[in-house]
Structure formats: C-alpha cells, structure tokens
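Chemist: Just dropping this structure here.
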Amino acid sequence: MQILELTPHYFRAFGDKQTIQFSQELTIFYGGNGTGKSSLAEALEWLFYGYTTRRRKGDKYSKTEYKNSYVNKKCPKDVIPYVEASLKFSDGMDHLLRREIFQDDSGNLVDTQSKLCIDGKEIASLSQVGINLTEAHRPIVVQHGIQDFIHTKPIERYRIISEALGLAELVEFKDVLKKAKNQYKNYPLPELQAATKKANNLANILNQLQLTNIAKCWQKNKYDVENDYKEIAKAANELIESPTLELEQLIVRLRAKQTEKMSRIFNIVPHRPSADYDSNLKRIESLLAQFQESLQIFRQASAELTGAVASTYSHAQILFWQDGLTLIDQDHPQICPFCEQSTLTQEHLDQHHARIKANKALSDARTTFEKQIDNCNTKITGIERALQTSQIKPVSSEAEITLRHAFEANVEDLEKFLAANQEITNLLQAFQIELRSKRTFFEKAKKKIDNPQEILQLAAELPNLLDYLQEQLIQLKVLFPKNVEIYVKFEPILKRELSDEATVAKYTNFINLIEGRQAVEMVSKSKNLDKEILACQRKTDQYILEKQKEILQTREREIVEWYGNLSPNTDVQFSGIVPGRNEFRLKAEAFGNELEAAACLSQAQLNCLGLSIYIPSVIDKNSPFNFIFFDDPVQAMDDDHHDSFLETVLPELLDNYQSQVVVLTHIDKTAKRIRTLNVDKNYYFYRFEKLQPTGPVIREDQFIKDLETQISNLSFGDESERALAVDRIRVLSELIMREACLKNSIITKPNATASNLLKEFRKLQDVSAKQANKLQDTIRWSDPAHHTDQTWTIPPKEEIDTHISRLKSFIIRLKL
Amino acid sequence: MQQKTLVEKFLEEIDDPLLEKLIKSYQQNRAKDQNEKVETLVAQLQAEFKERCHADS
C-alpha cells in the first residue's frame, strides 16, 4: 500500500481540508520547529490506527491534558474533523480511506472514538478489506519514538523493541495479565475475604487441638482438603470414642456430646482437699504454739505499759524540766534558772530526775508493746497462709444443681461428698473468721496505747481467744483425713460424670473445623487458581521468549546490517540483541570486547540503533505497507551519521526495497541534500512555511528557481561571490539536464558525470543539437577544474549573466 | 487469507483452558484501553473463581 494523497481536516494543527500529494518514490517535507510537520505524521498514524503513539503515551500520564487533542482548536461547531487518504493498494487499485472523529448523540466530539470508511463505506477495521495492521509494521517512525528509545529504562526499551519485533500485543497481554492478577489478589471478593479469615482462625484451632502438622500447612496456604479432613475426622472420632464416622454423622455426634458436656461443666479443683494437709496442719499447730508464747510476752508488755502510763507526765513538762536541769548554774545549784530564786532544794532536784526517768520507761514500754502487737500479727498471718494452702471451697448452690443433675443415679456418693465438703468448709471458714478477729483485736490494741485501763481489759480476753482456735484445730485434724478419704473415693466418679470448659472447647473446636470445611475449600480453590494464573504468566513469558529468539534469528542480522549502514567505520559498534523476560540486552563491541550498547554507544549511535530496529520491521515482507514515513529521523545525529542516513539508508530503501519514502525534517540543508541526492527520482519537495490559525502553510519547493535567483544575486558580488556563482552555474546545468531527463522518464544515475548527463540530454526530443551544444559550452565554462588552473581568472558579471540567461531559457522552454 | 497475529497463534498452540479463556477475553477487548482490558480480565478471574466454587457446592 502506498499513499497518493493525504487530506487532514481540522485534525491537530490542520484547519480546513488541505490536500497534500505524495510522490510514489520520495516526498520531502522541510519545516522549522512548530510549523505543523508532526501533525502530518500523526494524521497519517491516526488514519490507520485510530490513535497516535504520542497520545497513547500521554494518556498514561494525564487523560485530561491530552483530552480532545486530536481536534483542532479552531474547528467550527458542527464540523467533524477527519483525515482522508487516497491509497494505492498492493493489487494496484486506488481506494479512499477516511477516519472521522466520533460525534455522540449530543453533538459532542469524542476523539477517543472514530468512524472508519473505505470508498465511502463504513468498516469496523481495515481487516475487513484484508489489511491486518500490527504494531510491528507501523510505517510511521515518529520523532518521539526514536527519542523514547534513546532515553528510556530497560523495561520501556523492552516494550519498544517488542513492538518493533511484532510482539507488542503479546507483551501487552502479559502486562494486562500481571496487573489483573495483582488486582484480583489485592482486592479479593467479599466471600473469599471472609473465607480466608475463617480459614486462618481454623488454622489456630488446629494448633489448639494438637493437629499441628495440618495447622502448619494451612498457615502456609497449603491445603489438601480431602486428606486434611480425614485426619481431623480421625481425631474427632477419638475424642468421642466412636468408631470411624463420616463427617456428616460425626458433626451430629459432636454437637450432642457438646450439649451434654456443657450441662455438666463443673470444676472440681477448688473442692479437692490438699494432699499435704497433714504437714499444713502441723505447721498451723506450731504457729499457734508460737502465737501463745507471743501472747504471754504481749501481756507482760501490756502490764508494763499500763504502769508506765499511770506515772507519766506531759511531754511539755518533761522537756521543761530537762531544759531547767541543763541550765542550772553549778556554782549556785539552789537557784532555779527560770524564776532565778533559791527554790531548788536537793529534794526538788531528785524529784525532777525521777520524773524524767519514769518518762523514759514509758517510751520503752510503748516500743515493746507495739513490737509485740506486730509479732502477734505476724503469727496470725503465718497461720492464715498455712490455712490458705489447704483451702477447700464450698460447693455453691448452682454447682450443686449441676452435680445433682449429673449424679441422678448415684445420689448416695454425692450426698457423702457434699456433706463432707460442707462440714470442712464450714470449719475452715470459722477458723478464718477467728483469725480475722484476732487481727482486729491487735489493731484495736494499738489504738488504745495511751489508755491503760482499756489495754488491761483487752489483755484479759486473750486466753479465751486462743483456746477457741486450738479447739478448731483439733476438729480440723479429724475432718481433713475424713474429707480426703471421701474425696479420693468420689473423684473418679466425678471425673467420669462431669465436664470442664476445656473439654467443651475441644468439641466446639472440632465442630467449627467441620463446619468451616466449605470456607477452607474456597480458600484452597482460590490458592489453586492463583497457582494456575502464575502458570499462565509463565507460559506467556516463555512463549514471548521463544518468539523473541525466533524473530531475532533473522531480524538481529538485519538490524546489525542497517546499523552498519547508518554508523560505519566506528570503533564501537552495535553487535546484537540478547532476548530476555523483561529486557532486551543490547550488545556492543569495541576492540574485541563485548560491551553494553546503552552505556557505550553515543547518542547519535543510539539514534541510529533506534532507526535500525524500526526500519526492518516496517519493510518486513509481511507488512501491508509499502511506504515508510520518517518524522525528523536525524535529530540526534552528528554529520557523519546524518550523511550515512541520507546517502546509504534512503537509497537502500528507495532502490533495493522499492519503498515509498517520506521524510520530514526541520533542517533545510538536510531536505535539500536529500533532494540533490535523489534528483533522478520522482520526488516532491514541500516546505512548511509557517503555522497560521487556519493551519500550516505548505508550498511545493521551487528548487531550480531558487538556485537561479541565488546565482543572479551572486553575480553582483565581489570576486569570491562571482567564483561561487560559476560553481552554482555548473550545479544548475547538471540539475537542468537531470530534471529534463526525469520529465521524459529517463532515469539518470546519482553519480552520473556531466558528460554522461549531456549524452542523455542530447537524446531528448525537445532539445536541438544547437541548444545542447550551448549547454555543453556552459558546462565547460563552469568546469570545477578551474579551481586547480593557475591561469583561470574570475569572470566579470557580464560574462556570468550570459550563462545565466542561457540556463533561464532552458528552464522556461523545458518547463522545469 | 489474513495473517494470524502472534496472540492468535499463541491461543492455538496452548493447551490450558484458563489461559485460553483469558486470551479470548483479552482479544474481545483489544480495542479498549489498557485499564479496561485489566478490569475485564479481573472480572474474568473472579468469574472463574466463582464458577469453580459453585461447581462442587
């Protein structure tokens, strides 16, 4: 397929419809930056694909920024933008292809959708007319595509190269699958979420039931539901002491057992008599004896304290007397230091000393008294602790109901147990109350420290209190062995008939496990599906890798060859592509060493590499296109690479591959050089002169006329300009011969000499021998050999003008 | 005769029912943007999961 005409209508920079004709060989577009060149490339890309790579990339970053960017801002209301092209198909037939921006029912333009027509008939896609469009054969080598290839991450380069190798759709499927898998896993369905939570809880339950092997597997998301549940059923059957029941019957039995056990929950531990009751009772007995001794000491301390308190004086008085005795003048001991009178007799002094001594005795008695109270309390605490270790709790009325329910058939044993429990717990309780009352007594005594009469009264009660405790201890000594005897006989019956919360929990756990099987199965299926998705990803990866290798078997050589054309004679050379799962390694070579191309090739060389990868994919024999459209292909190239592109790559495409070539460039020199090198071709040369609100101003270039004007101007100049004018006359002469031959379908070789061109020129019907001789004269006159001729002198303006006039007449006569 | 795309060839060569379903679903939505394609595949995976859970229940 080749392009004959292209008509953008309010698309991108283009305004009202503007038709551009294309040469079937070479079409050159020159235009400065921002004159609308890329809009032309995008118009063609959109026409075929319905989107542009620029827009597709842009939409990934910001949908709003690129929204409606296909539509020209000056597009009037009710006008539908479109791009139309007249195309020559491979069967030689011409067709009109048109794509319109979609207009919704409200009349709004939706530029992400479009309508495609061929010869006025709407089609869903070009495949309906036998054209299979693939990314690999995309014939428009867009400016930003090459730039992207140069400045990109390995993963992005992987996508770009995959696209060029025809793997774009597969790679996109791989990406879509990866994203879908992540989304599917990260946002699970509510039912799966609930099932996962339940399965996690069940894994904990398995641990509680000592089924740790299964628990470990479940915690690692490894489920073997059938076998795991066989193990669970086995353990549950053991619990209920039944033969092997299937899950359905098992759960019925488990529920019944659970209900039964729940009605018999009774914790026997608090009611069990301590096994070492005997040593405890001995300890209590010993503590009671110690307590008795302490009480005697306490009584003495009480008496001493009472006596001391009776003869006491106030603290202030004692201090007063002590100060007075200290201040006495030893030379005059009879003089009182306070009243300064001779009132202190020896009798007075002895009296004061006796009072102070008595006060000291009171202080000591207080200390002893308090110490003895603490001593007695310590003994009481010791007894309480010893009693605590032999504690037996009474059976509550609620617990008694449970017991009576469980022992309907064994009332006699139960009654014995209950009676023994009641008897001993009552006694223990009474003992404890007694001990508490002793503590209260001593607390009271401490408070009465300044009241001797009350202290004496309390001390009088002590013997009775102790006697009571001793009596109770004797009873305990009798009751404890009796209680132990009854309990030991009754315990096995208790254990058999009763249950506890831990046992009930076991039943509940098994029931939950069996009931949760559906959730476990759901999670297991989900995990299996995850594995299958992973397998799908691996298979896709593997297929892509195989295809990469398969395609690269031939394509790699082609890419290296094209690269060699573009970048010959350099020490660092691109040497090949190594396929990979997420990147393509680009190899380079220098002085026999293998290098990484991305790191070692220059920007110009990477630009060449980009082109080398694109070109073979476009000219691939399976491509439906027979044209290649370059949008500023030499941007990052230096002069040498630039020349290689113009002198080697373009002729190769034009001559060997018979491709229709379109080149857009912003470099005037490049555009002219392409034309000069290809004057023998059927070419069109356009200039994007400027961008106006109505669209780009595109004019066909008048090269010959421009050259003629340039020579005329030079003829007015100084000697160097006139010398240059002579050289230009030679170029113009050769160009006239080439163009005249081309108009008459005579193809001249690009490197044809002037004499060869003249031979062909003489054959033209419109040219007489006389005219050809005149041109021959001009060619000789302007021969570049004069540059080495020492005798040659620069001709005057008049002489130059003669030859200009001669060439002008040829241009007019031959309609060049 | 139209040339087959690599995805179509892949579909022919694989023997994996799940992958087949996913590729077909992807192909049906090839004209849509990538996010929509992802959404469709997520829905396909969810449907597959539900179908499998439903099949044995």
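Letters A, B, ... go to the chains of the structure tokens in the order shown; residues in each chain start at 1; ligands are counted from 1 in the same order.
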Check the DSSP output for the backbone and give back, as a count of residues only, the residues of stretch 182-317 of chain A in alpha helix (DSSP H).
Modeler: 100
Chemist: Counting only C-alpha atoms, which residues from chain B have an atom at most 6 Å from any atom of chain A, and could you show them as a list in words?
Modeler: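 Close to chain A, chain B has Val7, Leu19, Val38, Leu41 and Val42 of chain B.
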Chemist: Restricting the output to N, CA, C and O atoms, write the selected residues as a short mmCIF file (atom, residue, chain, number, x, y, z; two decimals), in the first residue's frame.
Modeler:
data_model
loop_
_atom_site.label_atom_id
_atom_site.label_comp_id
_atom_site.auth_asym_id
_atom_site.auth_seq_id
_atom_site.Cartn_x
_atom_site.Cartn_y
_atom_site.Cartn_z
N VAL B 7 -0.77 -13.43 19.05
CA VAL B 7 -1.69 -13.81 20.13
C VAL B 7 -2.62 -14.92 19.65
O VAL B 7 -2.88 -15.89 20.37
N LEU B 19 -5.84 -20.18 30.49
CA LEU B 19 -5.11 -19.23 29.64
C LEU B 19 -5.92 -18.93 28.37
O LEU B 19 -5.96 -17.79 27.91
N VAL B 38 -7.61 -4.61 31.69
CA VAL B 38 -7.26 -5.17 33.01
C VAL B 38 -8.55 -5.49 33.78
O VAL B 38 -8.71 -6.58 34.32
N LEU B 41 -10.22 -8.57 32.55
CA LEU B 41 -9.52 -9.79 32.95
C LEU B 41 -9.73 -10.09 34.44
O LEU B 41 -9.86 -11.26 34.83
N VAL B 42 -9.81 -9.05 35.25
CA VAL B 42 -10.08 -9.23 36.68
C VAL B 42 -11.48 -9.87 36.83
O VAL B 42 -11.65 -10.85 37.56
#
Chemist: Considering only C-alpha atoms, can you say which of B:Glu51, B:Thr40, B:Gln34, B:Ile14 comes closest to A:Gln542?
Modeler: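 Of B:Glu51, B:Thr40, B:Gln34, B:Ile14, the one nearest A:Gln542 is B:Ile14, counting only C-alpha atoms.
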Chemist: Counting only C-alpha atoms, what is within 9 Å of stretch 671-679 of chain A, bar same-chain residues fewer than 6 positions away, as a PDB file with N, CA, C and O atoms, in the first residue's frame?
Modeler:
ATOM      1  N   LEU A  26       9.680   9.445  -3.525  1.00  0.00           N
ATOM      2  CA  LEU A  26      10.233  10.209  -2.403  1.00  0.00           C
ATOM      3  C   LEU A  26       9.471  11.527  -2.222  1.00  0.00           C
ATOM      4  O   LEU A  26       9.268  12.273  -3.187  1.00  0.00           O
ATOM      5  N   ILE A  28       9.616  14.895   0.308  1.00  0.00           N
ATOM      6  CA  ILE A  28      10.410  15.554   1.343  1.00  0.00           C
ATOM      7  C   ILE A  28       9.607  16.734   1.888  1.00  0.00           C
ATOM      8  O   ILE A  28       9.042  17.512   1.114  1.00  0.00           O
ATOM      9  N   PHE A  29       9.564  16.833   3.187  1.00  0.00           N
ATOM     10  CA  PHE A  29       8.919  17.982   3.826  1.00  0.00           C
ATOM     11  C   PHE A  29       9.960  18.683   4.684  1.00  0.00           C
ATOM     12  O   PHE A  29      10.595  18.044   5.532  1.00  0.00           O
ATOM     13  N   TYR A  30      10.127  19.966   4.403  1.00  0.00           N
ATOM     14  CA  TYR A  30      11.001  20.732   5.278  1.00  0.00           C
ATOM     15  C   TYR A  30      10.121  21.735   6.035  1.00  0.00           C
ATOM     16  O   TYR A  30       9.213  22.343   5.479  1.00  0.00           O
ATOM     17  N   LEU A 646      21.372   9.710   4.824  1.00  0.00           N
ATOM     18  CA  LEU A 646      20.930  10.256   3.539  1.00  0.00           C
ATOM     19  C   LEU A 646      21.527   9.499   2.361  1.00  0.00           C
ATOM     20  O   LEU A 646      20.846   9.265   1.357  1.00  0.00           O
ATOM     21  N   GLU A 647      22.788   9.113   2.484  1.00  0.00           N
ATOM     22  CA  GLU A 647      23.496   8.566   1.321  1.00  0.00           C
ATOM     23  C   GLU A 647      23.405   7.042   1.211  1.00  0.00           C
ATOM     24  O   GLU A 647      23.595   6.491   0.135  1.00  0.00           O
ATOM     25  N   LEU A 650      18.563   5.894   2.810  1.00  0.00           N
ATOM     26  CA  LEU A 650      17.440   6.279   1.933  1.00  0.00           C
ATOM     27  C   LEU A 650      17.560   5.628   0.547  1.00  0.00           C
ATOM     28  O   LEU A 650      16.566   5.058   0.061  1.00  0.00           O
ATOM     29  N   PRO A 651      18.758   5.649  -0.108  1.00  0.00           N
ATOM     30  CA  PRO A 651      18.846   4.957  -1.410  1.00  0.00           C
ATOM     31  C   PRO A 651      18.531   3.466  -1.295  1.00  0.00           C
ATOM     32  O   PRO A 651      17.890   2.897  -2.169  1.00  0.00           O
ATOM     33  N   VAL A 663      10.029  11.859   4.108  1.00  0.00           N
ATOM     34  CA  VAL A 663      10.922  12.359   5.158  1.00  0.00           C
ATOM     35  C   VAL A 663      10.466  13.756   5.578  1.00  0.00           C
ATOM     36  O   VAL A 663      10.279  14.634   4.735  1.00  0.00           O
ATOM     37  N   LEU A 664      10.265  13.935   6.880  1.00  0.00           N
ATOM     38  CA  LEU A 664      10.009  15.261   7.435  1.00  0.00           C
ATOM     39  C   LEU A 664      11.287  15.690   8.141  1.00  0.00           C
ATOM     40  O   LEU A 664      11.862  14.911   8.886  1.00  0.00           O
ATOM     41  N   THR A 665      11.743  16.896   7.882  1.00  0.00           N
ATOM     42  CA  THR A 665      12.920  17.358   8.600  1.00  0.00           C
ATOM     43  C   THR A 665      12.823  18.852   8.910  1.00  0.00           C
ATOM     44  O   THR A 665      12.200  19.610   8.168  1.00  0.00           O
ATOM     45  N   PHE A 685       8.875  17.983  -3.168  1.00  0.00           N
ATOM     46  CA  PHE A 685       9.580  18.704  -2.096  1.00  0.00           C
ATOM     47  C   PHE A 685       8.636  19.794  -1.585  1.00  0.00           C
ATOM     48  O   PHE A 685       8.258  20.684  -2.336  1.00  0.00           O
ATOM     49  N   PHE A 703      12.985  24.602  -6.386  1.00  0.00           N
ATOM     50  CA  PHE A 703      14.425  24.481  -6.171  1.00  0.00           C
ATOM     51  C   PHE A 703      15.219  25.140  -7.301  1.00  0.00           C
ATOM     52  O   PHE A 703      16.124  25.933  -7.066  1.00  0.00           O
ATOM     53  N   LEU A 735      21.622  19.996 -12.939  1.00  0.00           N
ATOM     54  CA  LEU A 735      20.258  19.796 -12.437  1.00  0.00           C
ATOM     55  C   LEU A 735      19.246  19.914 -13.575  1.00  0.00           C
ATOM     56  O   LEU A 735      18.281  19.143 -13.660  1.00  0.00           O
ATOM     57  N   ARG A 738      19.309  16.726 -15.512  1.00  0.00           N
ATOM     58  CA  ARG A 738      18.657  15.636 -14.759  1.00  0.00           C
ATOM     59  C   ARG A 738      17.127  15.788 -14.786  1.00  0.00           C
ATOM     60  O   ARG A 738      16.404  14.842 -15.056  1.00  0.00           O
ATOM     61  N   GLU A 739      16.669  17.011 -14.435  1.00  0.00           N
ATOM     62  CA  GLU A 739      15.211  17.257 -14.362  1.00  0.00           C
ATOM     63  C   GLU A 739      14.561  17.050 -15.722  1.00  0.00           C
ATOM     64  O   GLU A 739      13.472  16.506 -15.819  1.00  0.00           O
ATOM     65  N   LEU A 742      14.357  13.404 -16.328  1.00  0.00           N
ATOM     66  CA  LEU A 742      13.323  12.828 -15.455  1.00  0.00           C
ATOM     67  C   LEU A 742      11.928  13.085 -16.016  1.00  0.00           C
ATOM     68  O   LEU A 742      11.064  12.212 -16.008  1.00  0.00           O
ATOM     69  N   THR A 748      18.510   8.995 -14.583  1.00  0.00           N
ATOM     70  CA  THR A 748      19.979   9.117 -14.617  1.00  0.00           C
ATOM     71  C   THR A 748      20.544   8.636 -13.273  1.00  0.00           C
ATOM     72  O   THR A 748      19.871   8.720 -12.244  1.00  0.00           O
ATOM     73  N   PRO A 750      22.692   8.653  -9.829  1.00  0.00           N
ATOM     74  CA  PRO A 750      23.011   9.758  -8.918  1.00  0.00           C
ATOM     75  C   PRO A 750      24.461  10.244  -9.085  1.00  0.00           C
ATOM     76  O   PRO A 750      24.739  11.419  -8.940  1.00  0.00           O
ATOM     77  N   ASN A 751      25.362   9.299  -9.453  1.00  0.00           N
ATOM     78  CA  ASN A 751      26.765   9.701  -9.567  1.00  0.00           C
ATOM     79  C   ASN A 751      27.179   9.945 -11.028  1.00  0.00           C
ATOM     80  O   ASN A 751      28.362   9.951 -11.368  1.00  0.00           O
TER      81      ASN A 751
END
Chemist: In Å to one decimal, how far is atom CA of A:Gly307 from atom CA of A:Ala445?
Modeler: 16.0 Å
Chemist: Taking the DSSP secondary structure from the backbone, can you list the residues of stretch 588-767 of chain A that are strand (DSSP E), as a ChimeraX atom specification?
Modeler: /A:588-590,593-596,627-631,660-665,683-692,695-700
Chemist: Between atom CA of A:Leu202 and atom CA of A:Ile511, what is the distance, to one decimal in Å?
Modeler: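 These atoms are spaced 10.7 Å apart.
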Chemist: What gap, in Å, lies between atom CA of A:Arg728 and atom CA of A:Ile711?
Modeler: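 Between atom CA of A:Arg728 and atom CA of A:Ile711 the gap works out to 6.4 Å.
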Chemist: Excluding A:Leu435 and its own-chain neighbours fewer than 4 positions away, which residues fall within 9 Å of it when counting only C-alpha atoms? Please give them as a ChimeraX atom specification.
Modeler: /A:380-381,383-384,430-431,439-440,469
Chemist: May I have the selected residues written with N, CA, C and O atoms, as a JSON list (two decimals), in the first residue's frame?
Modeler:
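For reference, again-v7.json as written:
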[["chain", "number", "residue", "atom", "x", "y", "z"],
["A", 380, "ILE", "N", -0.30, -14.58, 113.18],
["A", 380, "ILE", "CA", -1.65, -14.77, 112.59],
["A", 380, "ILE", "C", -1.54, -14.90, 111.07],
["A", 380, "ILE", "O", -2.14, -15.79, 110.45],
["A", 381, "THR", "N", -0.74, -14.04, 110.48],
["A", 381, "THR", "CA", -0.57, -14.09, 109.01],
["A", 381, "THR", "C", -0.01, -15.45, 108.60],
["A", 381, "THR", "O", -0.44, -16.05, 107.61],
["A", 383, "ILE", "N", -0.36, -18.30, 110.09],
["A", 383, "ILE", "CA", -1.42, -19.32, 110.21],
["A", 383, "ILE", "C", -2.37, -19.21, 109.01],
["A", 383, "ILE", "O", -2.76, -20.21, 108.40],
["A", 384, "GLU", "N", -2.72, -17.97, 108.68],
["A", 384, "GLU", "CA", -3.65, -17.76, 107.54],
["A", 384, "GLU", "C", -3.07, -18.33, 106.25],
["A", 384, "GLU", "O", -3.76, -18.96, 105.44],
["A", 430, "ALA", "N", -14.88, -20.80, 109.72],
["A", 430, "ALA", "CA", -14.91, -20.34, 111.11],
["A", 430, "ALA", "C", -13.50, -20.02, 111.60],
["A", 430, "ALA", "O", -13.27, -19.01, 112.27],
["A", 431, "PHE", "N", -12.57, -20.88, 111.24],
["A", 431, "PHE", "CA", -11.18, -20.68, 111.64],
["A", 431, "PHE", "C", -10.67, -19.34, 111.09],
["A", 431, "PHE", "O", -10.01, -18.57, 111.78],
["A", 439, "ARG", "N", -6.80, -10.40, 114.42],
["A", 439, "ARG", "CA", -6.13, -9.28, 113.77],
["A", 439, "ARG", "C", -6.80, -7.97, 114.18],
["A", 439, "ARG", "O", -6.14, -6.98, 114.51],
["A", 440, "THR", "N", -8.13, -8.00, 114.20],
["A", 440, "THR", "CA", -8.92, -6.81, 114.60],
["A", 440, "THR", "C", -8.56, -6.42, 116.05],
["A", 440, "THR", "O", -8.40, -5.25, 116.37],
["A", 469, "LEU", "N", -9.28, -21.18, 119.08],
["A", 469, "LEU", "CA", -8.51, -21.56, 117.89],
["A", 469, "LEU", "C", -7.95, -22.97, 118.03],
["A", 469, "LEU", "O", -7.96, -23.76, 117.08]]
Chemist: So that I can check the surroundings of stretch 395-412 of chain A, please list as an NGL selection string every protein, DNA and RNA residue that reaches within 10 Å of it, counting only C-alpha atoms and ignoring chain neighbours fewer than 4 positions away.
Modeler: :A and (260 or 263-268 or 270-271 or 416-418 or 421-422 or 425 or 493-494 or 496-499)
Chemist: If we count only C-alpha atoms, what is near A:Phe320 at a cut-off of 12 Å, once residues fewer than 5 positions away on the same chain are taken out, given as a list in words?
Modeler: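 Result of the neighbour search: Tyr313, Ser314, His315, Leu325, Thr326, Leu327, Pro337, Phe338, His352, Arg355 and Ile356 of chain A.
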